[in-house]
>>> print(open('work_21.tsv').read())   # TSV, C-alpha atoms and all ligand atoms
chain	number	residue	atom	x	y	z
A	28	MET	CA	0.00	0.00	0.00
A	29	SER	CA	1.88	3.03	-1.20
A	30	THR	CA	1.54	6.23	0.75
A	31	SER	CA	2.85	8.60	-1.88
A	32	ARG	CA	0.97	8.47	-5.13
A	33	PRO	CA	0.49	11.14	-7.77
A	34	PRO	CA	-3.01	12.62	-8.01
A	35	ARG	CA	-5.12	10.23	-10.06
A	36	SER	CA	-7.00	11.13	-13.20
A	37	THR	CA	-10.60	12.16	-12.98
A	38	GLY	CA	-11.74	10.49	-16.17
A	39	GLN	CA	-14.98	9.33	-14.54
A	40	LEU	CA	-16.38	12.81	-13.96
A	41	PRO	CA	-19.74	13.74	-15.47
A	42	PRO	CA	-20.18	16.83	-17.73
A	43	SER	CA	-19.02	20.09	-16.16
A	44	SER	CA	-22.60	21.38	-15.78
A	45	ALA	CA	-22.63	19.53	-12.46
A	46	ALA	CA	-19.48	21.22	-11.13
A	47	GLN	CA	-21.08	24.37	-9.71
A	48	ALA	CA	-23.84	22.24	-8.16
A	49	ILE	CA	-21.17	20.47	-6.09
A	50	VAL	CA	-20.51	23.73	-4.26
A	51	ASP	CA	-24.12	24.92	-4.26
A	52	THR	CA	-25.50	21.76	-2.64
A	53	SER	CA	-22.64	20.76	-0.38
A	54	PHE	CA	-21.12	23.97	0.97
A	55	VAL	CA	-23.54	24.60	3.83
A	56	PRO	CA	-23.56	20.97	5.13
A	57	VAL	CA	-19.75	20.80	4.96
A	58	ARG	CA	-19.44	24.22	6.65
A	59	ALA	CA	-21.52	22.78	9.48
A	60	LYS	CA	-19.15	19.80	9.82
A	61	LEU	CA	-16.11	22.08	9.99
A	62	LEU	CA	-17.80	24.06	12.78
A	63	GLU	CA	-18.46	20.78	14.63
A	64	VAL	CA	-14.72	20.04	14.52
A	65	ALA	CA	-13.89	23.53	15.80
A	66	ALA	CA	-16.48	23.40	18.57
A	67	PHE	CA	-15.32	19.90	19.59
A	68	LEU	CA	-11.71	21.09	19.93
A	69	ASP	CA	-12.89	24.08	22.01
A	70	ARG	CA	-15.06	21.81	24.16
A	71	VAL	CA	-12.33	19.28	25.00
A	72	GLU	CA	-10.09	22.19	26.09
A	73	ARG	CA	-12.85	23.61	28.27
A	74	TYR	CA	-13.36	20.21	29.88
A	75	GLY	CA	-9.62	19.65	30.33
A	76	VAL	CA	-9.38	16.53	28.14
A	77	ALA	CA	-7.64	18.03	25.12
A	78	ASP	CA	-4.56	15.88	25.84
A	79	ASP	CA	-6.44	12.66	25.06
A	80	PHE	CA	-4.45	10.95	22.27
A	81	ARG	CA	-7.51	11.02	20.00
A	82	CYS	CA	-7.87	14.80	20.34
A	83	ALA	CA	-4.17	15.25	19.63
A	84	ALA	CA	-4.48	13.01	16.57
A	85	LEU	CA	-7.47	15.01	15.36
A	86	ARG	CA	-5.62	18.32	15.67
A	87	GLN	CA	-2.65	16.90	13.80
A	88	ALA	CA	-4.81	15.38	11.05
A	89	ALA	CA	-6.72	18.64	10.65
A	90	GLY	CA	-3.50	20.28	9.56
A	91	LEU	CA	-3.60	18.19	6.39
A	92	LEU	CA	-6.73	20.05	5.30
A	93	VAL	CA	-4.78	23.21	4.56
A	94	ASP	CA	-1.37	21.99	3.38
A	95	GLY	CA	-2.31	22.54	-0.26
A	96	GLU	CA	-1.73	18.90	-1.23
A	97	PRO	CA	-4.37	16.64	-2.87
A	98	GLU	CA	-5.91	13.38	-1.57
A	99	ARG	CA	-6.74	14.89	1.79
A	100	ALA	CA	-9.22	12.16	2.76
A	101	ARG	CA	-6.72	9.37	2.07
A	102	ARG	CA	-3.93	11.17	3.91
A	103	ILE	CA	-6.09	11.90	6.96
A	104	LEU	CA	-7.13	8.24	7.14
A	105	GLU	CA	-3.48	7.23	6.95
A	106	ALA	CA	-2.49	9.74	9.62
A	107	LEU	CA	-5.05	8.16	11.97
A	108	SER	CA	-3.96	4.58	11.15
A	109	ASP	CA	-1.84	2.05	13.00
A	110	PRO	CA	1.51	2.27	11.13
A	111	THR	CA	2.83	-1.08	12.39
A	112	THR	CA	2.79	-4.23	10.26
A	113	ALA	CA	3.13	-7.24	12.59
A	114	PRO	CA	0.01	-9.07	13.86
A	115	GLU	CA	-0.91	-8.29	17.48
A	116	ALA	CA	-0.08	-11.00	20.03
A	117	THR	CA	-3.38	-10.47	21.86
A	118	SER	CA	-6.60	-8.58	21.29
A	119	SER	CA	-6.99	-5.30	23.15
A	120	GLY	CA	-10.77	-5.54	22.97
A	121	LYS	CA	-13.47	-5.65	20.35
A	122	ALA	CA	-13.79	-1.97	19.44
A	123	ALA	CA	-11.30	0.24	17.60
A	124	LEU	CA	-10.91	3.79	18.93
A	125	GLY	CA	-10.45	5.85	15.77
A	126	ALA	CA	-6.85	6.92	16.24
A	127	TRP	CA	-3.70	4.94	16.86
A	128	GLN	CA	-2.00	5.02	20.24
A	129	PRO	CA	1.53	3.61	20.51
A	130	PRO	CA	1.54	0.73	23.03
A	131	VAL	CA	2.77	1.53	26.54
A	132	ARG	CA	5.97	-0.49	27.11
B	24	MET	CA	-34.20	2.08	-10.47
B	25	ARG	CA	-32.98	-1.39	-9.54
B	26	TYR	CA	-30.24	-2.30	-7.11
B	27	ILE	CA	-28.75	-5.20	-5.17
B	28	GLU	CA	-28.05	-4.96	-1.43
B	29	PRO	CA	-24.99	-7.22	-1.37
B	30	HIS	CA	-24.31	-6.87	2.37
B	31	GLY	CA	-27.21	-6.55	4.82
B	32	HIS	CA	-27.66	-8.23	8.20
B	33	MET	CA	-31.38	-8.67	7.79
B	34	VAL	CA	-31.94	-10.82	10.88
B	35	SER	CA	-31.40	-7.54	12.79
B	36	ARG	CA	-33.88	-5.53	10.69
B	37	THR	CA	-37.64	-5.09	10.75
B	38	THR	CA	-40.23	-5.96	8.15
B	39	ASP	CA	-40.63	-2.20	7.59
B	40	ASP	CA	-37.03	-2.24	6.33
B	41	TYR	CA	-37.82	-5.06	3.91
B	42	GLN	CA	-40.81	-3.10	2.60
B	43	ALA	CA	-38.80	0.09	2.18
B	44	MET	CA	-35.95	-1.70	0.39
B	45	VAL	CA	-38.27	-3.41	-2.07
B	46	ALA	CA	-40.15	-0.15	-2.69
B	47	ALA	CA	-36.79	1.53	-3.43
B	48	GLY	CA	-35.96	-1.07	-6.10
B	49	CYS	CA	-34.02	-3.76	-4.23
B	50	ALA	CA	-33.85	-6.90	-6.38
B	51	ALA	CA	-31.94	-9.17	-3.96
B	52	VAL	CA	-30.32	-9.01	-0.55
B	53	CYS	CA	-27.22	-10.95	0.54
B	54	GLU	CA	-26.52	-11.54	4.22
B	55	PRO	CA	-23.02	-12.34	5.47
B	56	ALA	CA	-22.69	-14.16	8.80
B	57	PHE	CA	-22.08	-11.61	11.54
B	58	TRP	CA	-21.33	-11.13	15.21
B	59	ALA	CA	-24.51	-11.05	17.30
B	60	GLY	CA	-23.32	-8.14	19.47
B	61	PHE	CA	-22.26	-10.69	22.10
B	62	ASP	CA	-20.11	-13.81	21.83
B	63	ARG	CA	-22.07	-16.98	21.12
B	64	SER	CA	-21.31	-19.52	23.81
B	65	SER	CA	-21.03	-22.67	21.69
B	66	ALA	CA	-20.92	-24.13	18.20
B	67	ASP	CA	-24.59	-25.00	18.64
B	68	GLY	CA	-25.31	-21.27	18.80
B	69	PHE	CA	-23.76	-20.99	15.33
B	70	ARG	CA	-25.70	-24.00	14.07
B	71	ASP	CA	-28.94	-22.23	15.01
B	72	TYR	CA	-27.71	-19.00	13.39
B	73	PHE	CA	-26.83	-20.82	10.16
B	74	ARG	CA	-30.33	-22.38	10.16
B	75	GLN	CA	-31.73	-18.88	10.56
B	76	LEU	CA	-29.66	-17.63	7.61
B	77	THR	CA	-30.43	-20.56	5.31
B	78	VAL	CA	-34.05	-21.37	6.19
B	79	TYR	CA	-35.92	-18.76	8.21
B	80	GLU	CA	-34.59	-15.44	6.91
B	81	PRO	CA	-35.06	-16.35	3.21
B	82	ALA	CA	-38.65	-17.31	4.05
B	83	ARG	CA	-39.19	-13.96	5.79
B	84	ALA	CA	-37.69	-12.09	2.82
B	85	SER	CA	-39.82	-14.03	0.35
B	86	LYS	CA	-42.95	-12.54	1.94
B	87	PHE	CA	-41.73	-9.28	0.42
B	88	LEU	CA	-40.82	-10.97	-2.90
B	89	LEU	CA	-37.15	-10.33	-2.16
B	90	PRO	CA	-34.63	-13.07	-3.02
B	91	HIS	CA	-32.36	-13.63	0.02
B	92	PHE	CA	-28.86	-15.13	-0.16
B	93	CYS	CA	-26.26	-15.61	2.57
B	94	TRP	CA	-22.62	-16.22	3.40
B	95	LEU	CA	-21.37	-18.44	6.24
B	96	CYS	CA	-18.46	-18.19	8.67
B	97	LEU	CA	-17.42	-17.41	12.19
B	98	ASN	CA	-17.01	-13.63	12.33
B	99	PRO	CA	-13.50	-12.26	13.08
B	100	LYS	CA	-14.87	-10.65	16.26
B	101	GLU	CA	-15.29	-14.19	17.62
B	102	SER	CA	-12.01	-15.59	16.30
B	103	GLU	CA	-9.96	-15.24	19.48
B	104	ASP	CA	-11.30	-18.56	20.78
B	105	LEU	CA	-9.48	-21.07	18.55
B	106	GLY	CA	-11.35	-24.06	20.01
B	107	LEU	CA	-14.75	-22.56	19.19
B	108	ALA	CA	-13.50	-21.52	15.76
B	109	ALA	CA	-12.41	-25.09	14.96
B	110	ALA	CA	-15.81	-26.45	15.99
B	111	VAL	CA	-17.67	-23.88	13.86
B	112	LEU	CA	-15.42	-24.46	10.84
B	113	GLU	CA	-16.27	-28.15	11.12
B	114	LEU	CA	-20.00	-27.59	10.91
B	115	ILE	CA	-20.01	-25.06	8.02
B	116	PRO	CA	-19.69	-27.69	5.22
B	117	GLU	CA	-23.03	-29.26	6.12
B	118	PHE	CA	-24.70	-25.93	5.21
B	119	LEU	CA	-22.75	-25.14	2.02
B	120	GLY	CA	-25.20	-27.11	-0.13
B	121	LYS	CA	-28.19	-24.99	0.96
B	122	LYS	CA	-29.67	-23.22	-2.02
B	123	ASN	CA	-29.18	-19.62	-0.81
B	124	VAL	CA	-25.53	-19.98	0.33
B	125	LEU	CA	-23.15	-17.97	-1.87
B	126	GLY	CA	-19.83	-18.61	-0.14
B	127	ILE	CA	-17.67	-17.99	2.93
B	128	GLY	CA	-17.99	-14.61	4.66
B	129	GLU	CA	-17.67	-12.16	6.13
B	130	ILE	CA	-14.30	-13.44	7.23
B	131	GLY	CA	-11.30	-11.19	7.86
B	132	LEU	CA	-9.76	-9.36	10.78
B	133	ASN	CA	-11.04	-7.21	13.64
B	134	ARG	CA	-8.08	-6.22	15.86
B	135	ASN	CA	-5.39	-7.77	13.62
B	136	THR	CA	-4.37	-10.48	16.08
B	137	ARG	CA	-2.48	-13.72	15.44
B	138	ASN	CA	-5.51	-15.82	16.38
B	139	GLU	CA	-7.75	-13.86	14.02
B	140	LEU	CA	-5.18	-14.36	11.28
B	141	GLU	CA	-5.04	-18.10	11.92
B	142	VAL	CA	-8.85	-18.40	11.76
B	143	LEU	CA	-8.86	-16.32	8.58
B	144	GLU	CA	-6.38	-18.72	6.99
B	145	ARG	CA	-8.54	-21.71	7.95
B	146	HIS	CA	-11.62	-20.07	6.42
B	147	ILE	CA	-9.73	-19.36	3.20
B	148	GLU	CA	-8.60	-22.98	3.09
B	149	LEU	CA	-12.22	-24.12	3.59
B	150	ALA	CA	-13.44	-21.82	0.82
B	151	VAL	CA	-10.80	-23.03	-1.62
B	152	ARG	CA	-11.44	-26.68	-0.78
B	153	HIS	CA	-15.17	-26.25	-1.46
B	154	ASP	CA	-14.75	-23.85	-4.41
B	155	GLN	CA	-16.63	-21.04	-2.65
B	156	LEU	CA	-16.69	-17.30	-3.26
B	157	ILE	CA	-15.10	-15.25	-0.45
B	158	LEU	CA	-16.38	-12.06	1.20
B	159	VAL	CA	-13.86	-10.30	3.44
B	160	HIS	CA	-14.51	-7.82	6.26
B	161	THR	CA	-11.70	-5.34	6.84
B	162	PRO	CA	-11.12	-3.86	10.32
B	163	HIS	CA	-12.54	-0.61	11.59
B	164	LEU	CA	-10.97	2.81	11.92
B	165	GLU	CA	-7.26	2.90	12.84
B	166	ASP	CA	-6.91	-0.87	12.26
B	167	LYS	CA	-8.14	-0.88	8.65
B	168	LYS	CA	-4.97	-0.08	6.77
B	169	LYS	CA	-2.79	-2.59	8.57
B	170	GLY	CA	-5.55	-5.22	8.54
B	171	THR	CA	-6.18	-4.82	4.83
B	172	ARG	CA	-2.50	-5.31	4.13
B	173	LEU	CA	-2.38	-8.46	6.29
B	174	ILE	CA	-5.53	-9.83	4.61
B	175	VAL	CA	-4.27	-9.17	1.10
B	176	ASP	CA	-0.96	-10.86	1.96
B	177	VAL	CA	-2.71	-13.97	3.29
B	178	LEU	CA	-5.02	-14.21	0.28
B	179	ARG	CA	-2.16	-13.78	-2.17
B	180	ALA	CA	-0.06	-16.38	-0.35
B	181	HIS	CA	-2.68	-19.09	-1.04
B	182	SER	CA	-2.19	-20.52	-4.52
B	183	GLY	CA	-5.83	-21.67	-4.68
B	184	VAL	CA	-7.33	-18.19	-4.25
B	185	LYS	CA	-8.55	-16.49	-7.43
B	186	PRO	CA	-8.69	-12.73	-6.71
B	187	GLY	CA	-11.65	-12.24	-9.05
B	188	ARG	CA	-13.71	-14.51	-6.77
B	189	VAL	CA	-12.92	-12.49	-3.63
B	190	ILE	CA	-14.54	-9.22	-2.54
B	191	ILE	CA	-12.75	-7.17	0.11
B	192	ASP	CA	-15.37	-5.05	1.83
B	193	HIS	CA	-15.44	-1.77	3.79
B	194	VAL	CA	-12.66	-0.17	1.71
B	195	GLU	CA	-11.99	3.54	2.15
B	196	GLU	CA	-9.78	6.07	0.39
B	197	HIS	CA	-6.59	4.63	1.93
B	198	THR	CA	-7.27	0.98	1.01
B	199	ILE	CA	-9.39	0.86	-2.15
B	200	GLN	CA	-6.62	1.23	-4.73
B	201	SER	CA	-4.37	-1.47	-3.27
B	202	VAL	CA	-7.31	-3.91	-3.22
B	203	LEU	CA	-8.19	-3.21	-6.86
B	204	ASP	CA	-4.53	-3.27	-7.93
B	205	GLN	CA	-4.23	-6.87	-6.66
B	206	GLY	CA	-7.20	-7.98	-8.78
B	207	PHE	CA	-9.75	-8.29	-5.98
B	208	TRP	CA	-13.22	-6.77	-5.96
B	209	ALA	CA	-13.79	-3.88	-3.53
B	210	GLY	CA	-16.90	-3.14	-1.46
B	211	ILE	CA	-17.68	0.38	-0.26
B	212	THR	CA	-19.85	0.43	2.85
B	213	LEU	CA	-22.15	3.38	3.49
B	214	TYR	CA	-22.42	4.12	7.20
B	215	PRO	CA	-23.62	7.27	8.96
B	216	ASP	CA	-20.55	7.72	11.24
B	217	SER	CA	-17.77	5.44	10.02
B	218	LYS	CA	-16.66	3.75	6.80
B	219	SER	CA	-17.95	5.87	3.88
B	220	SER	CA	-20.66	8.45	3.27
B	221	PRO	CA	-22.56	8.56	-0.05
B	222	PRO	CA	-20.56	11.60	-1.30
B	223	ARG	CA	-17.22	9.94	-0.46
B	224	ALA	CA	-18.34	6.71	-2.12
B	225	VAL	CA	-19.10	8.59	-5.34
B	226	ASP	CA	-15.73	10.36	-5.04
B	227	MET	CA	-13.99	6.96	-4.91
B	228	LEU	CA	-15.90	5.79	-8.00
B	229	GLU	CA	-14.88	8.96	-9.84
B	230	VAL	CA	-11.22	8.52	-8.89
B	231	CYS	CA	-10.81	4.72	-9.05
B	232	GLY	CA	-13.30	3.86	-11.80
B	233	ARG	CA	-16.44	1.75	-11.62
B	234	GLU	CA	-15.02	-1.69	-12.38
B	235	ARG	CA	-14.98	-4.42	-9.70
B	236	ILE	CA	-16.66	-2.20	-7.09
B	237	TRP	CA	-19.98	-2.60	-5.31
B	238	LEU	CA	-21.78	-0.48	-2.73
B	239	ASN	CA	-23.57	-1.79	0.34
B	240	SER	CA	-25.27	-0.52	3.48
B	241	ALA	CA	-24.04	-3.34	5.79
B	242	CYS	CA	-27.18	-2.54	7.78
B	243	ASP	CA	-27.21	-4.43	11.08
B	244	TRP	CA	-28.24	-3.92	14.71
B	245	GLY	CA	-26.03	-0.82	15.06
B	246	VAL	CA	-26.29	2.69	13.62
B	247	SER	CA	-26.83	1.98	9.92
B	248	ASP	CA	-29.26	2.75	7.10
B	249	PRO	CA	-30.83	-0.03	5.00
B	250	LEU	CA	-31.58	2.52	2.24
B	251	ALA	CA	-28.01	3.88	2.03
B	252	VAL	CA	-27.43	2.30	-1.41
B	253	PRO	CA	-30.43	3.89	-3.22
B	254	LYS	CA	-29.65	7.18	-1.43
B	255	THR	CA	-26.18	7.06	-3.00
B	256	ALA	CA	-27.82	6.72	-6.42
B	257	PHE	CA	-29.38	10.10	-5.72
B	258	GLU	CA	-25.93	11.57	-5.00
B	259	MET	CA	-24.66	10.16	-8.32
B	260	ARG	CA	-27.55	11.63	-10.32
B	261	ARG	CA	-27.22	14.98	-8.53
B	262	ARG	CA	-23.61	15.18	-9.76
B	263	GLY	CA	-24.72	14.47	-13.32
B	264	HIS	CA	-23.79	10.79	-13.61
B	265	SER	CA	-25.96	8.84	-16.06
B	266	ALA	CA	-28.64	6.29	-15.25
B	267	GLU	CA	-26.36	3.72	-16.93
B	268	PHE	CA	-23.54	4.63	-14.48
B	269	VAL	CA	-25.91	4.13	-11.53
B	270	ASP	CA	-27.21	0.83	-12.90
B	271	GLN	CA	-23.72	-0.53	-13.49
B	272	VAL	CA	-22.50	0.20	-9.97
B	273	LEU	CA	-25.67	-0.64	-8.04
B	274	TYR	CA	-26.96	-3.59	-10.07
B	275	GLN	CA	-24.75	-4.93	-12.85
B	276	ASN	CA	-21.53	-5.04	-10.82
B	277	PRO	CA	-22.89	-7.05	-7.89
B	278	VAL	CA	-24.76	-9.34	-10.28
B	279	ARG	CA	-21.51	-9.97	-12.18
B	280	PHE	CA	-19.57	-10.87	-9.04
B	281	LEU	CA	-22.32	-12.89	-7.36
B	282	SER	CA	-23.24	-14.81	-10.55
B	283	GLN	CA	-19.89	-16.58	-10.23
B	284	CYS	CA	-21.89	-18.68	-7.78
B	285	PRO	CA	-24.40	-20.67	-9.89
B	286	LYS	CA	-26.93	-20.44	-7.04
B	287	PHE	CA	-27.23	-16.67	-7.47
B	288	VAL	CA	-30.27	-16.63	-9.74
B	289	LEU	CA	-32.80	-13.80	-9.73
B	290	GLY	CA	-36.28	-15.05	-10.54
B	291	ASP	CA	-39.41	-13.20	-11.61
B	292	ALA	CA	-39.24	-11.00	-8.53
B	293	ALA	CA	-36.10	-9.26	-9.82
B	294	HIS	CA	-36.74	-6.02	-11.63
B	295	ALA	CA	-36.09	-6.21	-15.36
C	301	ZN	ZN	-21.23	-6.95	7.83
>>> encode(input="work_21.tsv", output="structure tokens")
Amino acid sequence: MSTSRPPRSTGQLPPSSAAQAIVDTSFVPVRAKLLEVAAFLDRVERYGVADDFRCAALRQAAGLLVDGEPERARRILEALSDPTTAPEATSSGKAALGAWQPPVR
Amino acid sequence: MRYIEPHGHMVSRTTDDYQAMVAAGCAAVCEPAFWAGFDRSSADGFRDYFRQLTVYEPARASKFLLPHFCWLCLNPKESEDLGLAAAVLELIPEFLGKKNVLGIGEIGLNRNTRNELEVLERHIELAVRHDQLILVHTPHLEDKKKGTRLIVDVLRAHSGVKPGRVIIDHVEEHTIQSVLDQGFWAGITLYPDSKSSPPRAVDMLEVCGRERIWLNSACDWGVSDPLAVPKTAFEMRRRGHSAEFVDQVLYQNPVRFLSQCPKFVLGDAAHA
């Protein structure tokens, strides 16, 4: 699984008449999601839990939104992923947490 | 519009869901074996579940004129207990001849452990030995990338596995291309809070192409939407994609993959 890949072609796109509609229909819902991120980061500071590894991972991943590089969704997913490759010796429980935390040695 | 729901845990859904799916154009539903939300205490618990998937749920679906197919396995969430896994693997063959069974699934990994990997390998061996299609679940959230890599490695290491007969499900932007590059099919799962949203799913189709990809809702007993697939058709049309594009991704693609199993036959109930 390569992590550095040139931007892929967009040969599957429909006619350009739909392009403006992408912004017209999606801007307000996406604006709302960005505000949720901002308010969440404010809230965890107010409650004194901003040091939780998941909050730190979220702040770091959010930086990828504005670095001017493409494939933001893929890169954010990779930033939040377990980078190790060996199978785990034991299960740490059934549910994943959403961000990777290095094991405590 | 017609579509296939290739991954729905219908034993967890209501008859209202069946009605809504059929009204939206669903022509068949396929149900992989799943974790019950708690660990089953014995192989007999699985025997009863497999009877539910092969006898009772298809009968319930048929009341809504919906063809129901299923996949059998012990889910990776229950793979830590190797003794239980061995007992369940032993009883699966007696159900493989049932007329709605499409193959082995959803097998895969949950927390990427050695035991899960061992049980995955045994399921793959079982599928190859019985010439079954394979449906693979990839792990959630931070475990997905590593788990997908481990799964792909195990599948490629088995000389009897034909990638075109394997679908690797729950791909996202960081795993889809590697799955397709290795010749496997890729499933995009539409979930409200995790996996993919309808807009992101259409983005992946635009970037990676529409070959060897299907969409599913993976609706189950958790937060999920049994109409997520037809809702994604709306997102495609809103962006200007053609009705033919929608039909290929939502209907023709899953039919092409699933028809590799001769038991996948859509009767008069399927929309023409
Ligand atoms: Zn599932």
>>> residues_near_ligand(input="work_21.tsv", ligand="ligand ZN 301 (chain C)", cutoff="10 Å", atoms="only C-alpha atoms and all ligand atoms", output="NGL selection string")
:B and (29-32 or 54-58 or 98 or 128-130 or 158-161 or 192-193 or 212 or 239-243)
>>> residues_near_point(input="work_21.tsv", point="(-38.8, 1.7, -1.7)", cutoff="12 Å", atoms="all atoms listed in the file", output="JSON, numbers by chain")
{"B": [24, 25, 26, 39, 40, 41, 42, 43, 44, 45, 46, 47, 48, 49, 50, 87, 249, 250, 251, 252, 253, 254]}
>>> atom_distance(input="work_21.tsv", atom1="atom CA of Val269 of chain B", atom2="atom CA of Val189 of chain B")
22.5 Å
>>> closest_atom_pairs(input="work_21.tsv", of="chain B", to="chain A", cutoff="6 Å", atoms="all atoms listed in the file", output="CSV")
residue,atom,partner,partner_atom,distance
B:Asn135,CA,A:Pro114,CA,5.6
B:Thr136,CA,A:Glu115,CA,4.3
B:Arg137,CA,A:Pro114,CA,5.5
B:Leu164,CA,A:Gly125,CA,4.9
B:Glu165,CA,A:Ser108,CA,4.1
B:Asp166,CA,A:Asp109,CA,5.9
B:Glu196,CA,A:Arg101,CA,4.8
B:His197,CA,A:Arg101,CA,4.7
B:Ser201,CA,A:Met28,CA,5.7
B:Glu229,CA,A:Gln39,CA,4.7
B:Val230,CA,A:Thr37,CA,5.5
B:Arg262,CA,A:Ala45,CA,5.2
B:Gly263,CA,A:Pro41,CA,5.5
B:His264,CA,A:Pro41,CA,5.3
>>> atom_distance(input="work_21.tsv", atom1="atom CA of Gln205 of chain B", atom2="atom CA of Leu97 of chain B")
25.3 Å
>>> residues_around(input="work_21.tsv", residues="Arg152 of chain B", least_positions_apart="6", cutoff="12 Å", atoms="all atoms listed in the file", output="number ranges by chain")
B: 116, 119, 126-127, 145-146, 181-184
>>> write_last_selection(input="work_21.tsv", atoms="C-alpha atoms", output="PDB file, keeping the file's coordinate frame")
ATOM      1  CA  PRO B 116     -19.690 -27.690   5.220  1.00  0.00           C
ATOM      2  CA  LEU B 119     -22.750 -25.140   2.020  1.00  0.00           C
ATOM      3  CA  GLY B 126     -19.830 -18.610  -0.140  1.00  0.00           C
ATOM      4  CA  ILE B 127     -17.670 -17.990   2.930  1.00  0.00           C
ATOM      5  CA  ARG B 145      -8.540 -21.710   7.950  1.00  0.00           C
ATOM      6  CA  HIS B 146     -11.620 -20.070   6.420  1.00  0.00           C
ATOM      7  CA  HIS B 181      -2.680 -19.090  -1.040  1.00  0.00           C
ATOM      8  CA  SER B 182      -2.190 -20.520  -4.520  1.00  0.00           C
ATOM      9  CA  GLY B 183      -5.830 -21.670  -4.680  1.00  0.00           C
ATOM     10  CA  VAL B 184      -7.330 -18.190  -4.250  1.00  0.00           C
TER      11      VAL B 184
END
>>> residues_near_point(input="work_21.tsv", point="(-25.2, 6.2, 6.4)", cutoff="6 Å", atoms="all atoms listed in the file", output="PyMOL selection string")
chain B and resi 213-215+220+247-248+251
>>> atom_distance(input="work_21.tsv", atom1="atom CA of Phe69 of chain B", atom2="atom CA of Lys86 of chain B")
24.9 Å
>>> axis_aligned_box(input="work_21.tsv", around="segment 43-55 of chain A", padding_each_side="8 Å", output="AutoDock Vina command-line options")
--center_x -22.3 --center_y 22.2 --center_z -6.2 --size_x 22.5 --size_y 21.4 --size_z 36.0
>>> closest_residue(input="work_21.tsv", among="A:Cys82, A:Val55, A:Val50, A:Pro129", to="Arg70 of chain A", atoms="all atoms listed in the file")
A:Cys82
>>> closest_residue(input="work_21.tsv", among="B:Arg83, B:Lys185, B:His91, B:Arg74", to="Val288 of chain B", atoms="all atoms listed in the file")
B:His91
